[in-house]
Each structure stands twice: as C-alpha cells, then as structure tokens.
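Here is input_13.cif, consisting of mmCIF, C-alpha atoms:
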```cif
data_coords
#
loop_
_atom_site.label_atom_id
_atom_site.label_comp_id
_atom_site.auth_asym_id
_atom_site.auth_seq_id
_atom_site.Cartn_x
_atom_site.Cartn_y
_atom_site.Cartn_z
CA MET A 14 0.00 0.00 0.00
CA HIS A 15 2.07 2.89 -1.32
CA GLU A 16 -0.66 5.38 -0.34
CA LEU A 17 0.86 5.39 3.14
CA SER A 18 4.18 6.66 1.72
CA ILE A 19 2.29 9.24 -0.33
CA ALA A 20 0.34 10.39 2.73
CA ASN A 21 3.58 10.72 4.69
CA SER A 22 5.18 12.91 2.02
CA LEU A 23 1.97 14.88 1.74
CA VAL A 24 1.82 15.67 5.45
CA GLU A 25 5.52 16.56 5.58
CA ASN A 26 5.02 18.85 2.59
CA ALA A 27 1.85 20.53 3.87
CA ALA A 28 3.20 20.97 7.40
CA GLU A 29 6.27 22.71 5.99
CA HIS A 30 4.12 25.20 4.05
CA ALA A 31 1.84 25.74 7.05
CA ALA A 32 4.78 26.40 9.36
CA GLN A 33 6.27 28.89 6.90
CA ALA A 34 2.95 30.74 6.89
CA GLY A 35 2.84 30.76 10.68
CA ALA A 36 -0.33 28.70 10.74
CA ALA A 37 -1.61 26.98 13.86
CA ARG A 38 -3.70 24.42 12.11
CA VAL A 39 -4.47 23.11 8.64
CA THR A 40 -8.21 22.75 8.19
CA ALA A 41 -8.37 21.51 4.61
CA ILE A 42 -6.07 20.31 1.90
CA THR A 43 -6.68 20.00 -1.84
CA LEU A 44 -4.90 17.51 -4.08
CA ARG A 45 -4.88 16.97 -7.82
CA ILE A 46 -4.60 13.27 -8.59
CA GLY A 47 -4.14 12.11 -12.17
CA ALA A 48 -5.92 9.03 -13.49
CA LEU A 49 -2.50 7.47 -14.25
CA SER A 50 -1.05 8.03 -10.80
CA CYS A 51 -2.17 4.63 -9.42
CA VAL A 52 -3.57 6.13 -6.24
CA HIS A 53 -6.52 4.44 -4.60
CA GLU A 54 -8.64 7.17 -3.06
CA SER A 55 -9.98 5.28 -0.05
CA ALA A 56 -6.52 3.92 0.76
CA LEU A 57 -5.16 7.46 0.61
CA ARG A 58 -7.95 8.77 2.88
CA PHE A 59 -7.32 5.97 5.36
CA SER A 60 -3.57 6.65 5.36
CA PHE A 61 -4.10 10.40 5.62
CA GLU A 62 -6.18 10.00 8.76
CA LEU A 63 -3.54 7.71 10.22
CA VAL A 64 -0.50 9.91 9.59
CA THR A 65 -2.12 13.25 10.47
CA LYS A 66 -2.87 12.15 14.03
CA ASP A 67 -1.17 14.48 16.53
CA THR A 68 0.02 16.82 13.78
CA LEU A 69 -1.31 20.26 12.85
CA LEU A 70 -3.18 18.54 10.03
CA GLU A 71 -5.27 16.37 12.33
CA GLY A 72 -8.92 16.46 11.32
CA ALA A 73 -8.20 18.37 8.09
CA ASP A 74 -10.65 17.87 5.27
CA LEU A 75 -9.01 16.06 2.35
CA LYS A 76 -10.31 17.27 -1.00
CA ILE A 77 -9.30 15.31 -4.07
CA VAL A 78 -9.66 16.66 -7.58
CA GLU A 79 -9.40 13.83 -10.10
CA VAL A 80 -7.60 14.71 -13.30
CA PRO A 81 -8.41 12.69 -16.44
CA VAL A 82 -5.74 11.84 -18.99
CA ALA A 83 -5.30 14.25 -21.89
CA ILE A 84 -3.08 13.58 -24.88
CA PHE A 85 -2.04 15.78 -27.76
CA CYS A 86 -3.53 14.39 -30.96
CA GLU A 87 -1.14 14.84 -33.91
CA GLU A 88 -3.98 14.42 -36.38
CA CYS A 89 -6.46 16.87 -34.81
CA GLN A 90 -3.60 19.15 -33.69
CA ARG A 91 -5.15 19.69 -30.29
CA GLU A 92 -5.32 18.32 -26.78
CA VAL A 93 -8.03 15.72 -26.23
CA THR A 94 -9.31 14.20 -22.99
CA LEU A 95 -9.53 10.42 -22.80
CA PRO A 96 -12.54 8.70 -21.25
CA GLY A 97 -10.35 6.02 -19.61
CA ILE A 98 -6.76 4.88 -19.25
CA GLN A 99 -6.80 1.64 -21.26
CA ARG A 100 -6.78 3.08 -24.72
CA PHE A 101 -4.42 5.87 -25.73
CA ARG A 102 -6.15 6.88 -28.92
CA CYS A 103 -7.85 10.11 -29.85
CA PRO A 104 -11.58 9.76 -29.09
CA VAL A 105 -12.35 11.88 -32.16
CA CYS A 106 -10.16 10.42 -34.94
CA ASP A 107 -8.79 7.22 -33.33
CA THR A 108 -5.12 8.10 -33.91
CA PRO A 109 -2.81 6.59 -31.26
CA GLY A 110 -1.15 9.20 -29.07
CA ALA A 111 1.68 8.92 -26.58
CA ASP A 112 2.17 12.63 -25.92
CA ILE A 113 0.59 12.88 -22.49
CA ARG A 114 -0.37 16.38 -21.41
CA GLN A 115 -2.13 15.57 -18.13
CA GLY A 116 -3.13 12.62 -15.98
CA ARG A 117 0.08 11.87 -14.07
CA GLU A 118 -0.49 14.52 -11.38
CA LEU A 119 0.27 13.77 -7.78
CA ASP A 120 0.08 17.37 -6.66
CA LEU A 121 -0.60 19.29 -3.52
CA GLU A 122 -2.66 22.16 -4.84
CA SER A 123 -3.57 24.23 -1.78
CA ILE A 124 -3.91 24.16 1.96
CA GLU A 125 -6.44 25.98 4.12
CA VAL A 126 -4.94 27.25 7.35
CA VAL A 127 -5.98 29.12 10.45
CA GLU A 128 -3.54 31.53 12.04
CA GLN A 129 -1.84 31.25 15.39
CA HIS A 130 -4.21 33.58 17.32
CA ALA A 131 -7.34 31.80 16.09
CA GLU A 132 -6.58 29.00 18.50
CA VAL A 133 -7.48 31.08 21.56
CA SER A 134 -11.26 30.54 21.49
CA MET B 7 -14.16 34.05 14.52
CA ILE B 8 -11.14 34.20 12.25
CA GLU B 9 -11.61 33.07 8.70
CA PRO B 10 -9.32 30.36 7.42
CA ARG B 11 -6.87 31.39 4.72
CA ILE B 12 -6.16 29.39 1.58
CA LEU B 13 -2.54 29.01 0.50
CA GLU B 14 -1.97 27.99 -3.10
CA VAL B 15 1.13 25.85 -2.80
CA ARG B 16 1.10 23.83 -6.04
CA THR B 17 3.89 21.38 -5.34
CA LYS B 18 4.48 17.75 -6.18
CA ILE B 19 3.50 15.55 -3.25
CA LEU B 20 6.64 13.46 -3.83
CA LYS B 21 8.79 16.56 -4.26
CA LYS B 22 11.61 15.29 -2.07
CA ASN B 23 11.89 12.01 -3.97
CA ASP B 24 11.61 13.79 -7.34
CA GLU B 25 14.38 16.24 -6.47
CA LEU B 26 16.72 13.55 -5.22
CA ALA B 27 16.00 11.39 -8.28
CA ARG B 28 16.76 14.31 -10.59
CA GLN B 29 20.07 14.93 -8.84
CA MET B 30 20.95 11.22 -9.01
CA ARG B 31 20.07 11.07 -12.70
CA SER B 32 22.43 13.90 -13.53
CA GLU B 33 25.20 12.21 -11.51
CA PHE B 34 24.57 8.91 -13.32
CA MET B 35 24.62 10.64 -16.69
CA GLU B 36 27.77 12.56 -15.92
CA ALA B 37 29.48 9.29 -14.93
CA GLY B 38 28.20 7.61 -18.11
CA VAL B 39 26.07 5.03 -16.30
CA LEU B 40 22.87 3.81 -17.93
CA VAL B 41 20.46 3.11 -15.07
CA VAL B 42 17.68 0.63 -15.78
CA ASN B 43 14.71 0.20 -13.42
CA LEU B 44 13.07 -3.23 -13.84
CA VAL B 45 9.45 -3.43 -12.71
CA SER B 46 6.98 -6.32 -12.79
CA SER B 47 4.66 -8.49 -10.69
CA PRO B 48 6.30 -11.01 -8.36
CA GLY B 49 7.28 -14.13 -10.31
CA THR B 50 7.58 -12.58 -13.78
CA GLY B 51 11.24 -13.49 -13.95
CA LYS B 52 13.04 -10.21 -13.30
CA THR B 53 15.85 -11.97 -11.45
CA SER B 54 16.31 -14.69 -14.09
CA LEU B 55 16.43 -12.16 -16.90
CA LEU B 56 18.77 -9.95 -14.93
CA ARG B 57 21.14 -12.78 -14.00
CA GLU B 58 21.42 -13.74 -17.65
CA THR B 59 21.90 -10.10 -18.64
CA LEU B 60 24.60 -9.49 -16.03
CA SER B 61 26.45 -12.68 -17.03
CA ARG B 62 26.57 -11.68 -20.68
CA PHE B 63 27.73 -8.16 -19.87
CA VAL B 64 30.41 -9.52 -17.52
CA ASP B 65 31.58 -12.02 -20.18
CA SER B 66 31.86 -9.27 -22.77
CA GLY B 67 33.93 -7.12 -20.41
CA SER B 68 31.30 -4.45 -19.67
CA ALA B 69 31.21 -2.88 -16.22
CA VAL B 70 27.82 -3.69 -14.68
CA ALA B 71 26.31 -3.69 -11.21
CA ALA B 72 22.88 -4.33 -9.75
CA ILE B 73 20.75 -3.34 -6.81
CA VAL B 74 17.79 -5.53 -5.98
CA GLY B 75 14.81 -4.71 -3.78
CA ASP B 76 12.72 -7.20 -1.83
CA LEU B 77 10.60 -7.01 1.28
CA GLU B 78 12.74 -9.65 2.99
CA THR B 79 15.69 -12.01 2.27
CA ASP B 80 18.84 -11.51 0.23
CA ASN B 81 18.10 -14.56 -1.95
CA ASP B 82 17.87 -12.51 -5.15
CA ALA B 83 21.15 -10.71 -4.52
CA ARG B 84 22.86 -14.07 -4.02
CA ARG B 85 21.35 -15.43 -7.25
CA LEU B 86 22.45 -12.34 -9.16
CA ALA B 87 25.95 -12.38 -7.68
CA GLU B 88 26.53 -15.73 -9.44
CA SER B 89 26.97 -13.64 -12.59
CA GLY B 90 30.17 -12.18 -11.16
CA ALA B 91 28.80 -8.62 -11.09
CA PRO B 92 28.73 -6.57 -7.87
CA VAL B 93 25.23 -6.79 -6.39
CA ARG B 94 23.58 -5.22 -3.40
CA GLN B 95 20.29 -6.12 -1.77
CA ILE B 96 17.80 -3.58 -0.44
CA MET B 97 15.47 -5.10 2.14
CA THR B 98 12.46 -2.82 2.40
CA HIS B 99 10.90 -4.64 5.40
CA GLY B 100 7.35 -4.31 4.21
CA CYS B 101 7.61 -1.33 1.87
CA CYS B 102 6.05 -2.25 -1.48
CA HIS B 103 8.33 -0.19 -3.75
CA LEU B 104 11.79 1.37 -3.90
CA GLU B 105 12.34 5.08 -3.32
CA ALA B 106 15.24 7.21 -4.52
CA ASP B 107 16.84 7.55 -1.07
CA MET B 108 16.96 3.76 -0.63
CA VAL B 109 18.90 3.47 -3.88
CA GLN B 110 21.20 6.33 -2.95
CA GLU B 111 22.05 4.73 0.41
CA HIS B 112 22.92 1.45 -1.26
CA LEU B 113 25.21 3.14 -3.75
CA ASP B 114 27.47 4.24 -0.92
CA GLY B 115 31.08 3.29 -1.59
CA TRP B 116 30.50 2.31 -5.21
CA GLN B 117 32.51 4.22 -7.76
CA LEU B 118 30.11 5.43 -10.47
CA PHE B 119 32.85 6.53 -12.86
CA GLY B 120 33.90 3.49 -14.86
CA LEU B 121 30.55 1.79 -14.41
CA GLU B 122 28.56 1.40 -17.64
CA TYR B 123 25.27 -0.14 -16.57
CA LEU B 124 23.42 -0.17 -13.25
CA PHE B 125 20.30 -2.29 -12.96
CA ILE B 126 17.75 -1.68 -10.25
CA GLU B 127 15.39 -4.60 -9.75
CA ASN B 128 12.35 -3.11 -8.07
CA VAL B 129 10.14 -4.87 -5.52
CA GLY B 130 7.76 -7.24 -7.33
CA ASN B 131 4.68 -5.07 -7.71
CA LEU B 132 2.94 -3.58 -10.75
CA VAL B 133 1.26 -0.67 -8.97
CA CYS B 134 3.28 0.91 -6.20
CA PRO B 135 6.64 1.51 -7.95
CA THR B 136 4.92 3.64 -10.64
CA SER B 137 5.15 7.02 -8.92
CA TRP B 138 8.71 6.78 -7.59
CA ASP B 139 11.43 8.06 -9.86
CA LEU B 140 14.72 6.35 -8.95
CA GLY B 141 16.88 8.49 -11.22
CA GLU B 142 16.75 5.85 -13.93
CA SER B 143 17.23 6.56 -17.63
CA VAL B 144 15.17 3.59 -18.72
CA ARG B 145 12.15 2.07 -17.04
CA VAL B 146 11.33 -1.45 -18.16
CA ALA B 147 7.99 -3.17 -17.55
CA LEU B 148 8.17 -6.96 -17.65
CA LEU B 149 5.27 -9.27 -18.41
CA SER B 150 5.50 -13.06 -18.50
CA VAL B 151 3.51 -15.31 -20.81
CA THR B 152 2.00 -17.03 -17.76
CA GLU B 153 0.35 -13.85 -16.46
CA GLY B 154 -2.37 -13.17 -19.01
CA GLU B 155 -2.27 -10.99 -22.09
CA ASP B 156 -4.45 -8.29 -20.52
CA LYS B 157 -1.99 -7.31 -17.80
CA PRO B 158 -1.14 -4.00 -19.53
CA LEU B 159 -4.84 -3.08 -19.51
CA LYS B 160 -5.14 -3.97 -15.84
CA TYR B 161 -2.05 -1.95 -14.88
CA PRO B 162 -1.92 0.88 -17.42
CA GLY B 163 -0.18 3.27 -15.01
CA LEU B 164 3.02 1.29 -14.90
CA PHE B 165 3.10 0.32 -18.58
CA ASN B 166 2.41 3.89 -19.53
CA THR B 167 5.37 5.26 -17.58
CA SER B 168 7.76 2.63 -18.94
CA ASP B 169 10.08 3.02 -21.93
CA VAL B 170 10.45 -0.63 -22.90
CA ALA B 171 8.30 -3.74 -22.37
CA VAL B 172 9.93 -7.15 -22.04
CA ILE B 173 7.84 -10.28 -22.43
CA THR B 174 9.50 -13.07 -20.43
CA LYS B 175 9.30 -16.87 -20.34
CA MET B 176 8.64 -17.14 -24.09
CA ASP B 177 9.75 -20.80 -23.83
CA LEU B 178 6.41 -21.43 -22.04
CA ALA B 179 4.27 -19.54 -24.56
CA GLU B 180 2.86 -22.58 -26.26
CA ALA B 181 2.10 -24.48 -23.05
CA CYS B 182 0.26 -21.42 -21.69
CA GLU B 183 -1.58 -20.84 -24.98
CA PHE B 184 -0.17 -17.34 -24.90
CA ASP B 185 -1.96 -15.08 -27.37
CA ARG B 186 1.03 -13.07 -28.53
CA GLN B 187 -0.87 -10.68 -30.80
CA SER B 188 -3.34 -9.81 -28.06
CA ALA B 189 -0.51 -9.05 -25.61
CA LEU B 190 1.24 -6.84 -28.17
CA ASP B 191 -2.04 -5.03 -28.96
CA ASN B 192 -2.68 -4.41 -25.27
CA ILE B 193 0.80 -2.97 -24.75
CA GLN B 194 0.33 -0.65 -27.72
CA ALA B 195 -3.14 0.35 -26.45
CA VAL B 196 -1.76 1.73 -23.20
CA ARG B 197 1.55 2.99 -24.58
CA PRO B 198 1.48 3.61 -28.33
CA GLY B 199 4.86 3.11 -29.97
CA MET B 200 6.39 1.23 -27.06
CA GLN B 201 9.39 -0.95 -27.84
CA VAL B 202 8.69 -4.62 -27.02
CA ILE B 203 11.21 -7.47 -26.72
CA GLU B 204 10.27 -11.12 -26.37
CA THR B 205 12.73 -13.12 -24.29
CA SER B 206 13.42 -16.38 -22.55
CA ALA B 207 16.14 -16.39 -19.92
CA LYS B 208 16.00 -20.18 -20.05
CA SER B 209 16.50 -20.74 -23.78
CA GLY B 210 18.37 -17.47 -24.29
CA SER B 211 16.05 -16.32 -27.07
CA GLY B 212 15.75 -12.55 -27.39
CA ILE B 213 18.51 -11.89 -24.84
CA GLU B 214 21.02 -10.62 -27.41
CA GLU B 215 18.38 -8.30 -28.83
CA TRP B 216 17.64 -7.01 -25.32
CA ILE B 217 21.33 -6.43 -24.66
CA GLY B 218 21.65 -4.69 -28.02
CA ILE B 219 18.87 -2.30 -27.05
CA LEU B 220 20.59 -1.51 -23.74
CA ARG B 221 23.88 -0.85 -25.53
CA GLN B 222 22.10 1.42 -27.96
CA LYS B 223 20.41 3.30 -25.07
CA ARG B 224 23.79 3.80 -23.42
CA ASN B 225 25.29 5.09 -26.65
CA GLN B 226 22.43 7.59 -26.90
CA LEU B 227 23.05 8.63 -23.29
CA MET B 228 26.76 9.16 -23.98
CA THR B 229 25.95 11.24 -27.06
CA THR B 230 23.62 13.42 -24.98
CA VAL B 231 26.26 13.85 -22.28
CA ASP B 232 28.97 14.66 -24.84
CA SER B 233 26.89 17.23 -26.68
CA ALA B 234 25.83 18.83 -23.38
CA GLY B 235 29.47 19.02 -22.29
CA SER B 236 30.83 20.56 -25.47
#
```
As structure tokens, what does this structure read like?
Amino acid sequence: MHELSIANSLVENAAEHAAQAGAARVTAITLRIGALSCVHESALRFSFELVTKDTLLEGADLKIVEVPVAIFCEECQREVTLPGIQRFRCPVCDTPGADIRQGRELDLESIEVVEQHAEVS
Amino acid sequence: MIEPRILEVRTKILKKNDELARQMRSEFMEAGVLVVNLVSSPGTGKTSLLRETLSRFVDSGSAVAAIVGDLETDNDARRLAESGAPVRQIMTHGCCHLEADMVQEHLDGWQLFGLEYLFIENVGNLVCPTSWDLGESVRVALLSVTEGEDKPLKYPGLFNTSDVAVITKMDLAEACEFDRQSALDNIQAVRPGMQVIETSAKSGSGIEEWIGILRQKRNQLMTTVDSAGS
C-alpha cells in the first residue's frame, strides 16, 4: 500500500508550508490526482487519517480533484481528454497518441490554514 | 471568529523524492552510467532475466552492477551475484516499492565513474513503484507469458510510464496458450509506440536483442552527455 508513503510525504510537505505561513492548524487540503497516478482514493484517505494524528493537520478535510488523462492528438492538432486509461487513442479520430499532457499529477494544490491567534477561542 | 486562509502551494507531493532522483540522474549521466529500473509483478522473472543479462555483460567485459529490492531475504542478490557482477540487496521490510533515497544509500562506496550499466530490480509489484522516480534513464515493464495478455490493460499506469516492455518466459508460450498478438495489442493500447522485446532467460532467445537495445540506449546517453558538455 504505497498510499501510506504518499500520505507521509503529503503531510511533511503541507506541514512545511503551514509552518512557513505561521499557521496553527491546517483545516483543509486540496490535491490533484491524475488518473494514471495509481492512487486508490480510499486507501489514501485511510492513510491520511492515520498519519495526520497528533500533527497540525489532524482532522483536516481532504479534497481530491481527479484529473483525467489528456493527450495531444497529432492528427487533430489539439489536446483531447480520454474517457479512460486503457486506450491511448484520440476519441475523435482514433489516432494513437503517446504525448501525455495531463493525468500523471500527484500534486498538492492548496492548503487551508488558520492563524496562530485563532486557537485562543 | 477568524476566517481560514487558503494558501496555493502547487507542489508535487513526492517533491523530495523527485528532487533527489533528478540529482541522481544527472550524476549517473555525468558518470556515463545507464540506469535501468526493472518493474513487474512477483514471479515474472526479473531476477532470471537480470542474472542472464549481467552474465553476458560480464563475459563481454562491460562494467555492470545491480541493486535488488525485496521485502525480505537476500536470496535474489545471491542469485544475481553468481553472474560475477557486484550486487547489493535492499530489504524494504514491508515497503512495497523502492524510493530514490533507498537506492542512494545502497550506492554508498560504489565508484560510479567506470561503471557502464546499473540495474535496479524493483520490488515485485505492478502498482506501487509507478510514482517513484529512482533516477533511472530507462524504465522497463516486464510481463511473463504465464500472467495473461491483458496485464497491460489492468495496470496501465506502470506500462504507460515505462520506456520498454519485455515479455519473459517465451519458452512457455505454447504451453500457456499465450496469445502473442493480443498481448502486443494491449501494450500498444496503453503505450502507443512502445518498444517490445520477447525473451526467454531459459532458452536465451531474445537476450542478445535485449542487450543490443541496452547498448544502444547507453550510446544515446553518452551522445547526450557529450553534446551537453561541449
């Protein structure tokens, strides 16, 4: 289950950004996960909950934006989105395409933080 | 009540691994080492293919080394060492894939300059190794004739990030009623234009072709390094 390693890197990464911003807590986190990234969402959510315990990310809402695969079609001369990941052919003209423009993302997009003094309530 | 603030950070989740892998790749290239990351399910025959490959390189006087990852045991390293090449074992103790820092640690004390080929045999797994760059120049996905022709469709992520596909155990193709055309079509479906080599470590078929491709890849690497240096 490599999602545990991904969650670990994610928390390390997010905590670093939060600390730089002087945040007390991270309340939400948004990821962009490409269809080709081999990440299982429920495994990632499970791991995230596990590794955020006793960190400033504990209880943070994990938002996942799924990114479909897009290839550049040489024939149509434009980027086309694929309906799945088993067939790398243009859905319009059926030309095979290996020039992948999106779908491999494993990105931390944004974090939602509350500042130091907000903790006092 | 203080409103939360949104910070747009836009970074790679595996940033640390990616950065280390990039640094390792430039060191490998500078030293003229072609690094090959072998990935497949457990039991596809990575170790058999690699032992045969190492032996032939050693016999022809090429400088080769290998690092092999497994959850437990150093059995594979001992099998590979029979080739005469220097081999190191990474025991991941439960981790399902190799990461760049594990490779870096196991390179300690090895002189990269003078080495021509370094093979990294990943942990047997067709999913987890996909996202971890190990600084390799070539990623190879292996598929054996005993596994089913639709494996590339079941694991498109790995096949799609690989540069070369090697079909192994071709000596068993007939006994397994292996549908060669279907396997080739499935590889091309998930990675159009992918180079495919059919091999048998047992009979030796396809091994020279495979070695030829590696030599060619290293020549290309050296040309890139030379033109970047001049």
Exercise. Measure the distance from CA of Ile113 in chain A to CA of Ala83 in chain A in Å and round it to one decimal.
Key: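 We find that CA of Ile113 in chain A and CA of Ala83 in chain A lie 6.1 Å from each other.
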Exercise. Using only C-alpha atoms, find the residues of chain B whose closest atom to chain A is at most 6 Å away, then write them as a PyMOL selection string.
Key: chain B and resi 8+10-19+134+159+163+195-196+198
Quiz prompt | Selection dump of the PyMOL selection byres ((chain B and resi 102-105) around 9), as an NGL selection string | solution = (:A and (14-15)) or (:B and (23 or 27 or 75-77 or 96 or 98-101 or 106-110 or 128-131 or 133-136 or 138-140))
Quiz item: CA of Pro81 in chain A to CA of Ala171 in chain B: how many Å, to one decimal?
Solution: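 Separating CA of Pro81 in chain A from CA of Ala171 in chain B is a distance of 24.2 Å.
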Exercise. Dump as a list in words all residues having an atom at most 7 Å from (-3.0, 16.3, 6.9), computed in the file's coordinates with all atoms listed in the file.
Key: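 The residues near that point, listed by chain and number, are Val24, Phe61, Thr65, Leu70, Glu71 and Ala73 of chain A.
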Quiz prompt | Closest of B:Glu215, B:Asp24, B:Glu36, B:Asp80 to Leu121 in chain B - atom-to-atom distances counting only C-alpha atoms | solution = B:Glu36
Quiz item: Separation of CA of Ile203 in chain B and CA of Cys106 in chain A, in Å?
Solution: 29.1 Å
